[in-house]
Amino acid sequence: MCLIKVCRSCFQQVLLPPFSSQFRLVVFPGIRSKLNRSTIFYGAKISIVSLTLSHSLTCMILQLSWVTLSRNLLLAYQSFGVVYGDLSTSPLYVYTNIFAGRMQNHQTEEVIFGAFSLVFWTFTLIPLIKYVCIVLSADDNGEGGTFALYSLLCRHAKLSLLPNQQAADEELSSYKYGPSTQAMASSPLKRFLEKHKRLRTALLIVVLFGASMVIGDGVLTPAISVLSAVSGLQEANNKLTNGELVLLACVILVGLFALQHCGTHKVAFMFAPIVIIWLVSILSIGLYNIVHWNPKIVHALSPHYIIKFFNHTGKEGWISLGGVLLSITGTEAMFADLGHFTALSIRLAFALVIYPCLVVQYMGQAAFLSINPKSIPNSFYDSIPDKLFWPLCIIATLAAIVGSQAVITATFSIVKQCHALGCFPRVKVVHTSKHIYGQIYIPEINWILMILTLAVTVGFQDTTLIGNAYGLACMTVMFVTTFLMALVIIFVWQKSVILAVLFLLFFGFIEGVYLSAALMKVPLGGWAPLVLSAIFMFIMYIWHYGTRKKYNFDLHNKVSLKWLLGLGPSLGIVRVPGIGLIYSELATGVPAIFSHFVTNLPAFHKVLVFVCVKSVPVPYVSPEERFLIGRVCPRPYRMYRCIVRYGYKDIQRDDGDFENMLIQSIAEFIQMEAVEQPQFSSSESSSLDGRMAVMSTRPVQSSLSLIVSEQDFLSIDDSIQNSRSLTLQSLQSAYDDDNLHIRRRHVRFQLPSNPGMDPAVREELMDLIQAKEAGAAYIMGHSYVKARRTSSFLKKLAIDIGYSFLRKNCRGPAVALNIPHISLIEVGMIYYV
């Protein structure tokens with residue numbers, strides 16, 4: 001027997017015994033999963049059969065475990081400032097909303113004990129068991145939220161309504177999830193859903209409804225959190241009127257939304273200490289109230305008090321469940337903000353800090369109220385000892401601001417996902433962190449949320465009415481998540497339908513009861529989230545409907561390749577030097593704008609590239625898999641296709657290197673094609689279109705086909721033989737002078753001296769280089785989408801008014817794709833869909 005001793009200070013010195021003996025291994029929990037081929041228990045004897053542990057390998061494993069643990073602890077610390085702000089400020093208004101209305105007639109000790117028991121078991125079953133233990137495991141490559149679940153379902157079953165999927169998309173490294181999908185290939189439920197388009201449309205509407213409710217949360221959370229926090233000032237100063245209180249709340253809200261451009265990373269580090277101080281404070285006050293007022297409150301942990309609660313309150317108790325569910329508002333942020341953190345960090349923060357602190361606080365408040373039932377209208381602030389009132393009031397206000405941050409961040413993520421999957425108009429997405437991918441800021445959404453939040457605050461001026469609206473919105477989102485999780489259990493995790501039904505029935509029943517109670521309060525403020533979600537859902541569905549109709553029009557009006565081949569390599573017109581980048585949403589075929597251009601203009605570029613920027617149902621696409629390159633026509637035509645793939649969490653950055661990476665990828669494709677499939681590159685067959693290869697978007701210096709030389713900026717006096725006219729060069733120079741912040745480096749490509757290169761390949765590469773030096777033009781369709789005259793009234797309303805209004809008032813495709821304005825050519829077309 002030997003003992004491996006690990007230095008706790010540096011984790012670098014490990015004393016290894018001879019491998020022929022048995023030894024006792026003391027490891028940390030995170031290391032156990034790293035060591036295969038043996039089962040490790042603390043203090044257990046292990047027989048070394050074929051496992052060889054070297055000194056350096058052991059140190060590396062220990063260091064890796066320490067790095068992983070420290071990273072998760074750091075992320076757990078940050079999560080307090082982003083994820084848990086909303087959940088931790090719920091004690092400000094829960095009991096006040098529970099005992100509102102007719103419940104004021106049931107303010108007895110047993111009813112208050114029952115109310116706490118309801119809060120405790122609701123808090124345990126939904127946030128702890130459902131979300132922390134189950135839902136957080138359904139991440140999509142680290143991403144969470146409603147659309148993450150929907151993208152998982154779209155990958156494992158053909159549920160997407162936009163027909164732009166390709167077989168090559170399934171080869172993405174982040175596309176595969178969980179076990180093989182072959183076992184589900186013959187699933188009757190899967191075939192049934194894929195066969196009926198109406199069911200897929202209904203699923204999309206459910207997802208959009210859930211996403212709309214999350215956006216509604218982004219409006220209601222800041223209003224109720226800040227208004228509840230500043231209400232303590234009115235308790236301290238009776239001279240403060242409701243109007244002055246609302247004005248103060250509005251000032252704080254404007255400051256909160258103005259701070260969003262700083263980014264999640266900075267806000268998290270700034271806000272996390274506030275939430276930690278807040279949690280420690282409410283934990284201490286909760287313990288004090290339990291000991292000082294009524295220690296018997298611990299008996300209310302028994303669910304028996306829930307039965308007593310309903311026996312005493314009846315129908316009024318059922319309606320009061322709308323106040324109980326306010327204790328779990330903000331729970332969805334744990335899943336929606338998962339991409340900013342890790343599942344382990346969120347679980348650590350909740351299980352070790354959030355859960356015990358909030359349970360003790362709710363217990364302490366109930367203990368105080370059981371002796372002082374008249375304090376229920378202002379339960380939180382009345383339960384604070386007088387000496388601690390002002391410090392807690394300031395901390396509560398700051399914590400309420402943090403609570404608002406959680407849902408605002410989740411709203412940005414949801415809108416970005418909706419946009420990427422074709423369900424939201426184009427908006428400006430700003431990546432706010434250089435180190436943490438996925439942290440974003442959307443200016444348009446930020447200011448819309450601010451205006452709506454101020455309207456709700458000024459309009460209601462009452463936390464009880466806002467709480468009615470807020471509870472309905474939160475519970476609807478949770479119910480949608482439960483429904484989607486049941487489908488994920490079947491299609492993604494490939495578990496039995498019985499298990500999924502049990503999950504749906506258990507949590508669906510609990511949430512359904514709370515949802516029914518929240519719906520009873522629709523006349524008392526509950527209508528607000530329904531109106532907000534209806535507006536956002538209408539916008540999202542109209543945009544998706546118009547986008548789908550436009551894509552189908554392009555799909556059915558593609559240019560025939562036989563017609564294109566009949567024109568010959570010159571296309572029947574003059575081919576001028578340069579590269580024409582023709583942007584289209586089509587992943588296959590030649591778009592109708594090309595024939596529209598060819599038949600109306602007498603010249604076209606010598607090299608043509610059909611570019612399709614496409615979103616795929618994965619969170620991220622690695623740069624090595626970004627470009628998909630293919631040939632549209634035989635080699636003499638010099639026509640290529642490039643599909644640029646992005647995930648729904650990817651940010652399309654304007655790094656100024658797109659043209660260079662495109663040229664490099666096409667050059668490598670030409671060489672690869674000549675080596676691997678020489679018969680295809682010279683074939684006259686029209687079946688060329690569709691055969692594509694993944695080309696890595698490595699930096700241009702690593703090109704294998706071309707020699708690269710760089711200059712800092714494009715100089716007009718350069719000795720390069722540039723075929724641009726003097727007028728165009730002068731315009732380019734003036735444009736660069738006016739836009740110094742977007743001037744880009746100039747990269748030159750040259751062919752390597754390789755005598756063994758195929759002459760045809762060399763000639764094609766030379767044409768590509770010369771076209772690059774001559775300059776690139778970006779050709780896009782400026783489409784006007786209109787409904788046919790024979791269309792129904794609803795379709796004309798949706799397309800001619802709704803979709804057209806959204807297209808005119810959102811960001812243009814050229815701006816969204818970072819296309820330089822001076823090189824843009826727009827081809828006008830009318831789409832009758």
# chains A, B, ... in the order shown; residues from 1 in each chain; ligands from 1
$ closest_atom_pairs --of "stretch 264-360 of chain A" --to "stretch 405-422 of chain A" --cutoff "7 Å" --atoms "only C-alpha atoms" --output "Markdown table"
| residue | atom | partner | partner_atom | distance |
| --- | --- | --- | --- | --- |
| A:Ala333 | CA | A:Ala410 | CA | 6.3 |
| A:Ala336 | CA | A:Ala410 | CA | 5.6 |
| A:Asp337 | CA | A:Ala410 | CA | 5.7 |
$ residues_around --residues "stretch 799-814 of chain A" --least-positions-apart "6" --cutoff "9 Å" --atoms "only C-alpha atoms" --output "list of chain:residue names"
A:Pro425, A:Arg426, A:Val427, A:Lys428, A:Ile539, A:Ile542, A:Trp543, A:Tyr545, A:Gly546, A:Thr547, A:Met780, A:Tyr784, A:Val785, A:Lys786, A:Ala787, A:Pro820, A:His821, A:Leu824, A:Val833
$ atom_distance --atom1 "atom CA of A:Ala469" --atom2 "atom CA of A:His304"
29.8 Å
$ residues_around --residues "stretch 606-622 of chain A" --least-positions-apart "6" --cutoff "6 Å" --atoms "only C-alpha atoms" --output "list in words"
Ser151, Ala420, Arg575, Val576, Pro577, Gly578, Ile579, Gly580, Leu581, Ile582, Tyr583, Ser584, Glu585, Arg638, Met639, Tyr640, Arg641, Cys642, Ile643, Val644, Arg645, Tyr646, Gly647, Tyr648, Lys649 and Asp650 of chain A
$ closest_atom_pairs --of "stretch 265-366 of chain A" --to "stretch 110-132 of chain A" --cutoff "7 Å" --atoms "only C-alpha atoms" --output "JSON lines"
{"residue": "A:Ile297", "atom": "CA", "partner": "A:Phe113", "partner_atom": "CA", "distance": 6.7}
{"residue": "A:Ala300", "atom": "CA", "partner": "A:Ser117", "partner_atom": "CA", "distance": 5.4}
{"residue": "A:Leu301", "atom": "CA", "partner": "A:Ser117", "partner_atom": "CA", "distance": 5.5}
{"residue": "A:Ser302", "atom": "CA", "partner": "A:Ser117", "partner_atom": "CA", "distance": 6.9}
{"residue": "A:Pro303", "atom": "CA", "partner": "A:Ser117", "partner_atom": "CA", "distance": 6.3}
{"residue": "A:Tyr305", "atom": "CA", "partner": "A:Gly114", "partner_atom": "CA", "distance": 4.7}
{"residue": "A:Ile306", "atom": "CA", "partner": "A:Gly114", "partner_atom": "CA", "distance": 4.9}
{"residue": "A:Lys308", "atom": "CA", "partner": "A:Gly114", "partner_atom": "CA", "distance": 6.6}
{"residue": "A:Phe309", "atom": "CA", "partner": "A:Gly114", "partner_atom": "CA", "distance": 4.8}
{"residue": "A:Val324", "atom": "CA", "partner": "A:Val119", "partner_atom": "CA", "distance": 5.9}
{"residue": "A:Ser327", "atom": "CA", "partner": "A:Val119", "partner_atom": "CA", "distance": 6.6}
{"residue": "A:Ile328", "atom": "CA", "partner": "A:Phe123", "partner_atom": "CA", "distance": 6.2}
{"residue": "A:Thr331", "atom": "CA", "partner": "A:Pro127", "partner_atom": "CA", "distance": 6.0}
{"residue": "A:Arg347", "atom": "CA", "partner": "A:Val132", "partner_atom": "CA", "distance": 6.0}
{"residue": "A:Val359", "atom": "CA", "partner": "A:Phe120", "partner_atom": "CA", "distance": 6.6}
{"residue": "A:Tyr362", "atom": "CA", "partner": "A:Phe116", "partner_atom": "CA", "distance": 6.7}
{"residue": "A:Met363", "atom": "CA", "partner": "A:Phe116", "partner_atom": "CA", "distance": 6.5}
{"residue": "A:Ala366", "atom": "CA", "partner": "A:Ile112", "partner_atom": "CA", "distance": 6.2}
$ write_last_selection --atoms "C-alpha atoms" --output "mmCIF file, in the first residue's frame"
data_model
loop_
_atom_site.group_PDB
_atom_site.id
_atom_site.type_symbol
_atom_site.label_atom_id
_atom_site.label_comp_id
_atom_site.auth_asym_id
_atom_site.auth_seq_id
_atom_site.Cartn_x
_atom_site.Cartn_y
_atom_site.Cartn_z
ATOM 1 C CA ILE A 297 -41.913 28.251 11.545
ATOM 2 C CA ALA A 300 -44.004 24.661 8.031
ATOM 3 C CA LEU A 301 -41.416 22.822 5.923
ATOM 4 C CA SER A 302 -43.917 19.954 6.063
ATOM 5 C CA PRO A 303 -46.299 19.916 3.055
ATOM 6 C CA TYR A 305 -49.406 22.956 6.041
ATOM 7 C CA ILE A 306 -50.284 23.371 2.347
ATOM 8 C CA LYS A 308 -54.281 23.439 5.956
ATOM 9 C CA PHE A 309 -53.734 26.555 3.824
ATOM 10 C CA VAL A 324 -46.673 32.441 -4.702
ATOM 11 C CA SER A 327 -41.004 33.564 -5.646
ATOM 12 C CA ILE A 328 -39.631 31.732 -8.691
ATOM 13 C CA THR A 331 -35.738 31.116 -12.788
ATOM 14 C CA ARG A 347 -25.583 24.919 -10.323
ATOM 15 C CA VAL A 359 -35.382 29.759 1.869
ATOM 16 C CA TYR A 362 -38.857 33.511 3.242
ATOM 17 C CA MET A 363 -38.969 31.504 6.482
ATOM 18 C CA ALA A 366 -43.197 34.257 7.594
#
$ decode --residues "stretch 451-462 of chain A" --atoms "all heavy atoms" --output "compact mmCIF listing (two decimals), in the first residue's frame"
# COMPACT_ATOMS: atom_id res chain seq x y z
N ILE A 451 -38.54 52.22 -23.08
CA ILE A 451 -39.79 52.97 -23.27
C ILE A 451 -40.98 52.19 -22.72
O ILE A 451 -41.84 52.74 -22.01
CB ILE A 451 -39.98 53.31 -24.76
CG1 ILE A 451 -38.90 54.30 -25.22
CG2 ILE A 451 -41.36 53.89 -25.01
CD1 ILE A 451 -38.86 54.50 -26.72
N LEU A 452 -41.03 50.89 -23.02
CA LEU A 452 -42.15 50.07 -22.54
C LEU A 452 -42.13 49.93 -21.03
O LEU A 452 -43.18 49.94 -20.37
CB LEU A 452 -42.10 48.69 -23.21
CG LEU A 452 -42.37 48.66 -24.72
CD1 LEU A 452 -42.15 47.26 -25.27
CD2 LEU A 452 -43.80 49.12 -25.02
N THR A 453 -40.93 49.77 -20.45
CA THR A 453 -40.82 49.65 -18.99
C THR A 453 -41.28 50.92 -18.29
O THR A 453 -42.00 50.87 -17.28
CB THR A 453 -39.36 49.34 -18.60
OG1 THR A 453 -38.96 48.12 -19.22
CG2 THR A 453 -39.23 49.19 -17.09
N LEU A 454 -40.88 52.08 -18.82
CA LEU A 454 -41.33 53.34 -18.25
C LEU A 454 -42.85 53.48 -18.37
O LEU A 454 -43.51 53.98 -17.44
CB LEU A 454 -40.62 54.51 -18.95
CG LEU A 454 -39.12 54.64 -18.71
CD1 LEU A 454 -38.54 55.77 -19.55
CD2 LEU A 454 -38.81 54.87 -17.24
N ALA A 455 -43.40 53.03 -19.49
CA ALA A 455 -44.86 53.11 -19.67
C ALA A 455 -45.58 52.24 -18.66
O ALA A 455 -46.61 52.65 -18.08
CB ALA A 455 -45.22 52.69 -21.09
N VAL A 456 -45.06 51.01 -18.40
CA VAL A 456 -45.68 50.12 -17.41
C VAL A 456 -45.57 50.72 -16.01
O VAL A 456 -46.53 50.69 -15.23
CB VAL A 456 -45.01 48.73 -17.47
CG1 VAL A 456 -45.40 47.88 -16.26
CG2 VAL A 456 -45.39 48.01 -18.75
N THR A 457 -44.40 51.28 -15.68
CA THR A 457 -44.19 51.85 -14.35
C THR A 457 -45.12 53.03 -14.10
O THR A 457 -45.76 53.13 -13.04
CB THR A 457 -42.72 52.30 -14.19
OG1 THR A 457 -41.85 51.21 -14.48
CG2 THR A 457 -42.45 52.80 -12.78
N VAL A 458 -45.21 53.93 -15.08
CA VAL A 458 -46.07 55.11 -14.93
C VAL A 458 -47.55 54.72 -15.00
O VAL A 458 -48.40 55.27 -14.30
CB VAL A 458 -45.72 56.16 -16.00
CG1 VAL A 458 -46.70 57.33 -15.96
CG2 VAL A 458 -44.30 56.65 -15.81
N GLY A 459 -47.87 53.74 -15.85
CA GLY A 459 -49.26 53.35 -16.04
C GLY A 459 -49.86 52.63 -14.85
O GLY A 459 -50.98 52.93 -14.42
N PHE A 460 -49.11 51.66 -14.26
CA PHE A 460 -49.66 50.87 -13.14
C PHE A 460 -49.41 51.53 -11.79
O PHE A 460 -50.32 51.59 -10.96
CB PHE A 460 -49.06 49.46 -13.15
CG PHE A 460 -49.62 48.58 -14.23
CD1 PHE A 460 -48.83 48.15 -15.28
CD2 PHE A 460 -50.94 48.18 -14.21
CE1 PHE A 460 -49.33 47.34 -16.28
CE2 PHE A 460 -51.47 47.36 -15.19
CZ PHE A 460 -50.65 46.94 -16.24
N GLN A 461 -48.19 51.95 -11.53
CA GLN A 461 -47.79 52.60 -10.27
C GLN A 461 -48.10 51.75 -9.04
O GLN A 461 -48.20 52.27 -7.94
CB GLN A 461 -48.48 53.97 -10.13
CG GLN A 461 -48.16 54.94 -11.24
CD GLN A 461 -48.75 56.33 -10.99
OE1 GLN A 461 -49.20 56.64 -9.90
NE2 GLN A 461 -48.72 57.18 -12.00
N ASP A 462 -48.25 50.45 -9.23
CA ASP A 462 -48.62 49.57 -8.12
C ASP A 462 -47.93 48.22 -8.34
O ASP A 462 -48.12 47.58 -9.38
CB ASP A 462 -50.14 49.40 -8.07
CG ASP A 462 -50.59 48.57 -6.87
OD1 ASP A 462 -49.72 48.19 -6.06
OD2 ASP A 462 -51.79 48.30 -6.75
